[in-house]
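protein_19.tsv follows (TSV, C-alpha atoms):
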chain	number	residue	atom	x	y	z
Y	1	MET	CA	3.47	-26.95	-59.26
Y	2	ILE	CA	1.14	-24.14	-60.23
Y	3	THR	CA	-0.44	-24.58	-63.64
Y	4	GLU	CA	-1.21	-21.81	-66.11
Y	5	LYS	CA	-4.94	-22.14	-65.38
Y	6	MET	CA	-4.36	-21.82	-61.63
Y	7	MET	CA	-2.14	-18.78	-62.16
Y	8	LYS	CA	-4.84	-17.02	-64.21
Y	9	TYR	CA	-7.41	-17.77	-61.51
Y	10	LEU	CA	-5.13	-16.44	-58.77
Y	11	LYS	CA	-4.43	-13.25	-60.71
Y	12	LYS	CA	-8.17	-12.64	-61.20
Y	13	THR	CA	-8.96	-12.97	-57.48
Y	14	ASP	CA	-9.00	-10.00	-55.17
Y	15	ARG	CA	-5.32	-9.62	-54.25
Y	16	THR	CA	-5.99	-8.51	-50.68
Y	17	LEU	CA	-8.29	-11.46	-49.99
Y	18	LEU	CA	-5.80	-13.84	-51.60
Y	19	GLU	CA	-3.02	-12.56	-49.35
Y	20	MET	CA	-5.30	-12.69	-46.28
Y	21	HIS	CA	-6.45	-16.24	-46.98
Y	22	THR	CA	-2.87	-17.37	-47.53
Y	23	GLY	CA	-1.90	-15.87	-44.17
Y	24	MET	CA	-4.84	-17.59	-42.49
Y	25	LEU	CA	-3.84	-20.94	-43.96
Y	26	LEU	CA	-0.21	-20.47	-42.90
Y	27	PHE	CA	-1.33	-19.64	-39.36
Y	28	GLY	CA	-3.65	-22.66	-39.39
Y	29	PHE	CA	-0.83	-24.96	-40.51
Y	30	ALA	CA	1.50	-23.56	-37.84
Y	31	CYS	CA	-1.14	-24.11	-35.13
Y	32	GLN	CA	-1.85	-27.60	-36.46
Y	33	LEU	CA	1.84	-28.44	-36.32
Y	34	VAL	CA	2.11	-27.27	-32.70
Y	35	GLY	CA	-1.14	-29.05	-31.83
Y	36	ALA	CA	0.20	-32.29	-33.26
Y	37	PHE	CA	2.71	-32.38	-30.43
Y	38	PHE	CA	0.67	-30.94	-27.57
Y	39	ALA	CA	-3.04	-31.62	-28.14
Y	40	GLU	CA	-4.48	-34.61	-26.32
Y	41	GLU	CA	-7.52	-35.03	-28.57
Y	42	GLN	CA	-6.06	-34.64	-32.06
Y	43	LEU	CA	-9.31	-34.90	-34.01
Y	44	ARG	CA	-11.15	-32.44	-31.75
Y	45	PHE	CA	-8.21	-30.02	-31.94
Y	46	ALA	CA	-7.96	-30.23	-35.73
Y	47	SER	CA	-11.70	-29.90	-36.37
Y	48	SER	CA	-11.96	-26.95	-33.97
Y	49	LEU	CA	-8.94	-25.19	-35.44
Y	50	TRP	CA	-9.96	-25.58	-39.08
Y	51	PHE	CA	-13.57	-24.64	-38.33
Y	52	GLY	CA	-12.23	-21.42	-36.79
Y	53	VAL	CA	-9.99	-20.76	-39.80
Y	54	LEU	CA	-12.88	-21.43	-42.20
Y	55	PHE	CA	-15.08	-19.08	-40.17
Y	56	ALA	CA	-12.35	-16.41	-40.43
Y	57	VAL	CA	-12.16	-16.89	-44.22
Y	58	ILE	CA	-15.94	-16.49	-44.50
Y	59	ASN	CA	-15.81	-13.38	-42.33
Y	60	SER	CA	-13.04	-11.86	-44.46
Y	61	ILE	CA	-15.12	-12.41	-47.60
Y	62	HIS	CA	-18.12	-10.78	-45.88
Y	63	MET	CA	-15.91	-7.88	-44.81
Y	64	ALA	CA	-14.65	-7.35	-48.37
Y	65	ARG	CA	-18.17	-7.52	-49.81
Y	66	THR	CA	-19.43	-5.07	-47.20
Y	67	LEU	CA	-16.68	-2.62	-48.09
Y	68	ASP	CA	-17.32	-3.05	-51.83
Y	69	ARG	CA	-21.01	-2.38	-51.26
Y	70	ALA	CA	-20.45	0.54	-48.89
Y	71	LEU	CA	-17.73	2.64	-50.47
Y	72	PRO	CA	-19.67	3.81	-53.55
Y	73	ASN	CA	-22.55	4.97	-51.32
Y	74	GLY	CA	-20.94	8.11	-49.93
Y	75	GLU	CA	-22.76	9.22	-46.79
Y	76	GLU	CA	-24.44	5.83	-46.31
Y	77	ALA	CA	-21.07	4.04	-46.25
Y	78	ALA	CA	-20.55	4.39	-42.51
Y	79	LYS	CA	-23.97	2.85	-41.76
Y	80	ILE	CA	-23.40	-0.06	-44.14
Y	81	ILE	CA	-19.94	-0.76	-42.70
Y	82	THR	CA	-21.26	-0.57	-39.13
Y	83	ARG	CA	-24.12	-2.98	-39.93
Y	84	GLY	CA	-21.62	-5.43	-41.45
Y	85	TYR	CA	-19.34	-5.12	-38.44
Y	86	VAL	CA	-22.18	-5.71	-35.98
Y	87	PHE	CA	-23.45	-8.68	-38.03
Y	88	ARG	CA	-20.02	-10.33	-38.10
Y	89	TYR	CA	-19.46	-9.95	-34.38
Y	90	LEU	CA	-22.95	-11.16	-33.53
Y	91	MET	CA	-22.21	-14.24	-35.63
Y	92	VAL	CA	-18.96	-14.79	-33.73
Y	93	ILE	CA	-20.80	-14.53	-30.41
Y	94	ILE	CA	-23.58	-16.87	-31.56
Y	95	ILE	CA	-21.21	-19.47	-33.04
Y	96	LEU	CA	-18.95	-19.47	-29.99
Y	97	ALA	CA	-21.96	-19.66	-27.65
Y	98	VAL	CA	-23.44	-22.62	-29.53
Y	99	ILE	CA	-20.09	-24.40	-29.56
Y	100	SER	CA	-19.62	-23.70	-25.87
Y	101	VAL	CA	-23.08	-24.99	-24.93
Y	102	THR	CA	-23.00	-28.08	-27.15
Y	103	ASN	CA	-19.33	-28.83	-26.43
Y	104	VAL	CA	-19.02	-30.27	-29.95
Y	105	MET	CA	-15.66	-28.57	-30.46
Y	106	SER	CA	-13.22	-26.70	-28.29
Y	107	THR	CA	-14.39	-23.10	-27.98
Y	108	LEU	CA	-10.89	-21.85	-27.26
Y	109	ILE	CA	-9.37	-23.59	-30.30
Y	110	VAL	CA	-12.19	-22.36	-32.57
Y	111	PHE	CA	-11.42	-18.85	-31.31
Y	112	LEU	CA	-7.72	-19.46	-31.97
Y	113	GLY	CA	-8.56	-20.41	-35.56
Y	114	TYR	CA	-10.77	-17.34	-35.89
Y	115	MET	CA	-7.89	-15.17	-34.69
Y	116	SER	CA	-6.11	-16.08	-37.93
Y	117	LEU	CA	-8.15	-13.17	-39.28
Y	118	LYS	CA	-6.16	-10.86	-37.00
Y	119	ILE	CA	-2.80	-12.62	-37.35
Y	120	THR	CA	-2.97	-12.35	-41.13
Y	121	ALA	CA	-2.48	-8.59	-40.80
Y	122	TYR	CA	0.99	-9.27	-39.38
Y	123	LEU	CA	1.73	-11.84	-42.08
Y	124	GLN	CA	0.55	-9.55	-44.92
Y	125	PRO	CA	3.99	-8.07	-45.76
Y	126	PHE	CA	5.32	-11.60	-46.27
Y	127	THR	CA	2.34	-12.89	-48.26
Y	128	HIS	CA	2.43	-9.70	-50.36
Y	129	LYS	CA	6.10	-10.23	-51.21
Y	130	PHE	CA	5.38	-13.89	-51.98
Y	131	TYR	CA	2.64	-13.04	-54.48
Y	132	ASN	CA	4.70	-10.26	-56.01
Y	133	MET	CA	7.40	-12.88	-56.62
Y	134	LEU	CA	4.91	-15.45	-57.89
Y	135	PHE	CA	3.22	-13.02	-60.30
Y	136	HIS	CA	6.51	-11.34	-61.29
Y	137	GLU	CA	5.22	-7.96	-60.13
Y	138	THR	CA	6.72	-5.04	-58.27
Y	139	ASP	CA	5.03	-2.38	-56.19
Y	140	PRO	CA	5.08	1.16	-57.54
Y	141	VAL	CA	7.64	3.45	-55.95
Y	142	PRO	CA	5.85	6.17	-53.99
Y	143	THR	CA	6.70	9.75	-54.86
Y	144	ALA	CA	6.42	12.71	-52.54
Y	145	LEU	CA	3.76	15.31	-53.10
Y	146	PRO	CA	5.08	18.80	-53.82
Y	147	ASP	CA	5.19	21.23	-50.91
Y	148	GLU	CA	2.56	23.93	-50.63
Y	149	GLU	CA	5.18	26.62	-51.36
Y	150	THR	CA	6.40	25.04	-54.59
Y	151	ARG	CA	2.94	24.18	-55.97
Y	152	GLU	CA	1.60	26.28	-58.78
Y	153	PRO	CA	-1.42	28.37	-57.77
Y	154	GLU	CA	-4.75	26.99	-58.93
Y	155	GLU	CA	-6.76	29.09	-61.29
Y	156	ALA	CA	-10.00	30.50	-59.94
Y	157	SER	CA	-13.10	29.21	-61.72

Exercise: express the given structure as structure tokens:
Amino acid sequence: MITEKMMKYLKKTDRTLLEMHTGMLLFGFACQLVGAFFAEEQLRFASSLWFGVLFAVINSIHMARTLDRALPNGEEAAKIITRGYVFRYLMVIIILAVISVTNVMSTLIVFLGYMSLKITAYLQPFTHKFYNMLFHETDPVPTALPDEETREPEEAS
């Protein structure tokens, strides 16, 4: 079960990254389960899949750090985000090319594991609800903004 120390650590972590990483792991476990029945080379399949998932986790951390670094910089934010995006995709191309040339792992399965980064977006509502339950939290109820007609006029400065 989850200890008090683990719970404090989980609450301190970036909630979005925690939810993303949980989704990536769930996707990895689901793929591993399917691969256990259909993959001919179990070890090659597993190492390729989990390398891809690990690569996706690293890329998600880089993405979060890039956004944290970029957003306070105003006009420079777009350039910083673009550089991070280009860097991440160049790394994907390089890693997949090296794997393809060396044939150490299955390129397709590594890519499948990397796609956990994309699949986690679809799993996010479920992981979000799970962590809300785990942390005994609820999301704030959104309220509508007042219409333009009912808003009080702003005072001229």

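Candidate residues Y:Val110, Y:Met63, Y:Asp68, Y:Thr138 were compared for distance to Tyr85 in chain Y, and the nearest is Y:Met63, using all atoms listed in the file.
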
Exercise. Find the residue from Y:Gly35, Y:Asp14, Y:Leu26, Y:Lys8 that sits nearest to Phe126 in chain Y; use only C-alpha atoms when measuring.
Key: Y:Leu26

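Distance-wise, CA of Ile95 in chain Y and CA of Ile109 in chain Y end up 12.8 Å apart.
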
Quiz item: From the list Y:Met105, Y:Arg44, Y:Met6, Y:Gly113, which residue is nearest Leu134 in chain Y when using all atoms listed in the file?
Solution: Y:Met6

Self-check item: Counting all atoms listed in the file, the option among Y:Leu67, Y:Phe45, Y:Glu75, Y:Ala36 closest to Val104 in chain Y
Solution: Y:Phe45

Exercise. Give the answer as one residue: which of Y:Glu40, Y:Thr13, Y:Gly23, Y:Leu108 has the shortest atom-to-atom distance to Pro125 in chain Y, using all atoms listed in the file?
Key: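 Looking at the shortest contact to Pro125 in chain Y, the residue is Y:Gly23.
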
Quiz item: Between CA of Ser48 in chain Y and CA of Ser106 in chain Y, what is the spacing in Å?
Solution: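 Between these atoms lies a distance of 5.8 Å.
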
Practice problem: Around the point (0.6, -12.6, -49.4) in the file's coordinates, collect all residues with an atom within 12 Å, using only C-alpha atoms, and return them as an MDAnalysis selection string. | Solution: chainID Y and resid 10 14:26 120:135

Would you write out those residues with C-alpha atoms, as a short mmCIF file (atom, residue, chain, number, x, y, z; two decimals), keeping the file's coordinate frame?
data_model
loop_
_atom_site.label_atom_id
_atom_site.label_comp_id
_atom_site.auth_asym_id
_atom_site.auth_seq_id
_atom_site.Cartn_x
_atom_site.Cartn_y
_atom_site.Cartn_z
CA LEU Y 10 -5.13 -16.44 -58.77
CA ASP Y 14 -9.00 -10.00 -55.17
CA ARG Y 15 -5.32 -9.62 -54.25
CA THR Y 16 -5.99 -8.51 -50.68
CA LEU Y 17 -8.29 -11.46 -49.99
CA LEU Y 18 -5.80 -13.84 -51.60
CA GLU Y 19 -3.02 -12.56 -49.35
CA MET Y 20 -5.30 -12.69 -46.28
CA HIS Y 21 -6.45 -16.24 -46.98
CA THR Y 22 -2.87 -17.37 -47.53
CA GLY Y 23 -1.90 -15.87 -44.17
CA MET Y 24 -4.84 -17.59 -42.49
CA LEU Y 25 -3.84 -20.94 -43.96
CA LEU Y 26 -0.21 -20.47 -42.90
CA THR Y 120 -2.97 -12.35 -41.13
CA ALA Y 121 -2.48 -8.59 -40.80
CA TYR Y 122 0.99 -9.27 -39.38
CA LEU Y 123 1.73 -11.84 -42.08
CA GLN Y 124 0.55 -9.55 -44.92
CA PRO Y 125 3.99 -8.07 -45.76
CA PHE Y 126 5.32 -11.60 -46.27
CA THR Y 127 2.34 -12.89 -48.26
CA HIS Y 128 2.43 -9.70 -50.36
CA LYS Y 129 6.10 -10.23 -51.21
CA PHE Y 130 5.38 -13.89 -51.98
CA TYR Y 131 2.64 -13.04 -54.48
CA ASN Y 132 4.70 -10.26 -56.01
CA MET Y 133 7.40 -12.88 -56.62
CA LEU Y 134 4.91 -15.45 -57.89
CA PHE Y 135 3.22 -13.02 -60.30
#

Self-check item: Shell of 10 Å around Val92 in chain Y, only C-alpha atoms, local chain residues under 3 positions omitted, as number ranges by chain
Solution: Y: 52, 55-56, 59, 86-89, 95-98, 111, 114

Practice problem: Could you check how far CA of Gln42 in chain Y sits from CA of Val57 in chain Y, in Å to one decimal? | Solution: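 About the pair CA of Gln42 in chain Y and CA of Val57 in chain Y: they are 22.4 Å apart.
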
Quiz item: Looking at only C-alpha atoms, which of Y:Leu33, Y:Ile61, Y:Leu49, Y:Ala78 is the one that sits closest to Ser116 in chain Y?
Solution: Y:Leu49
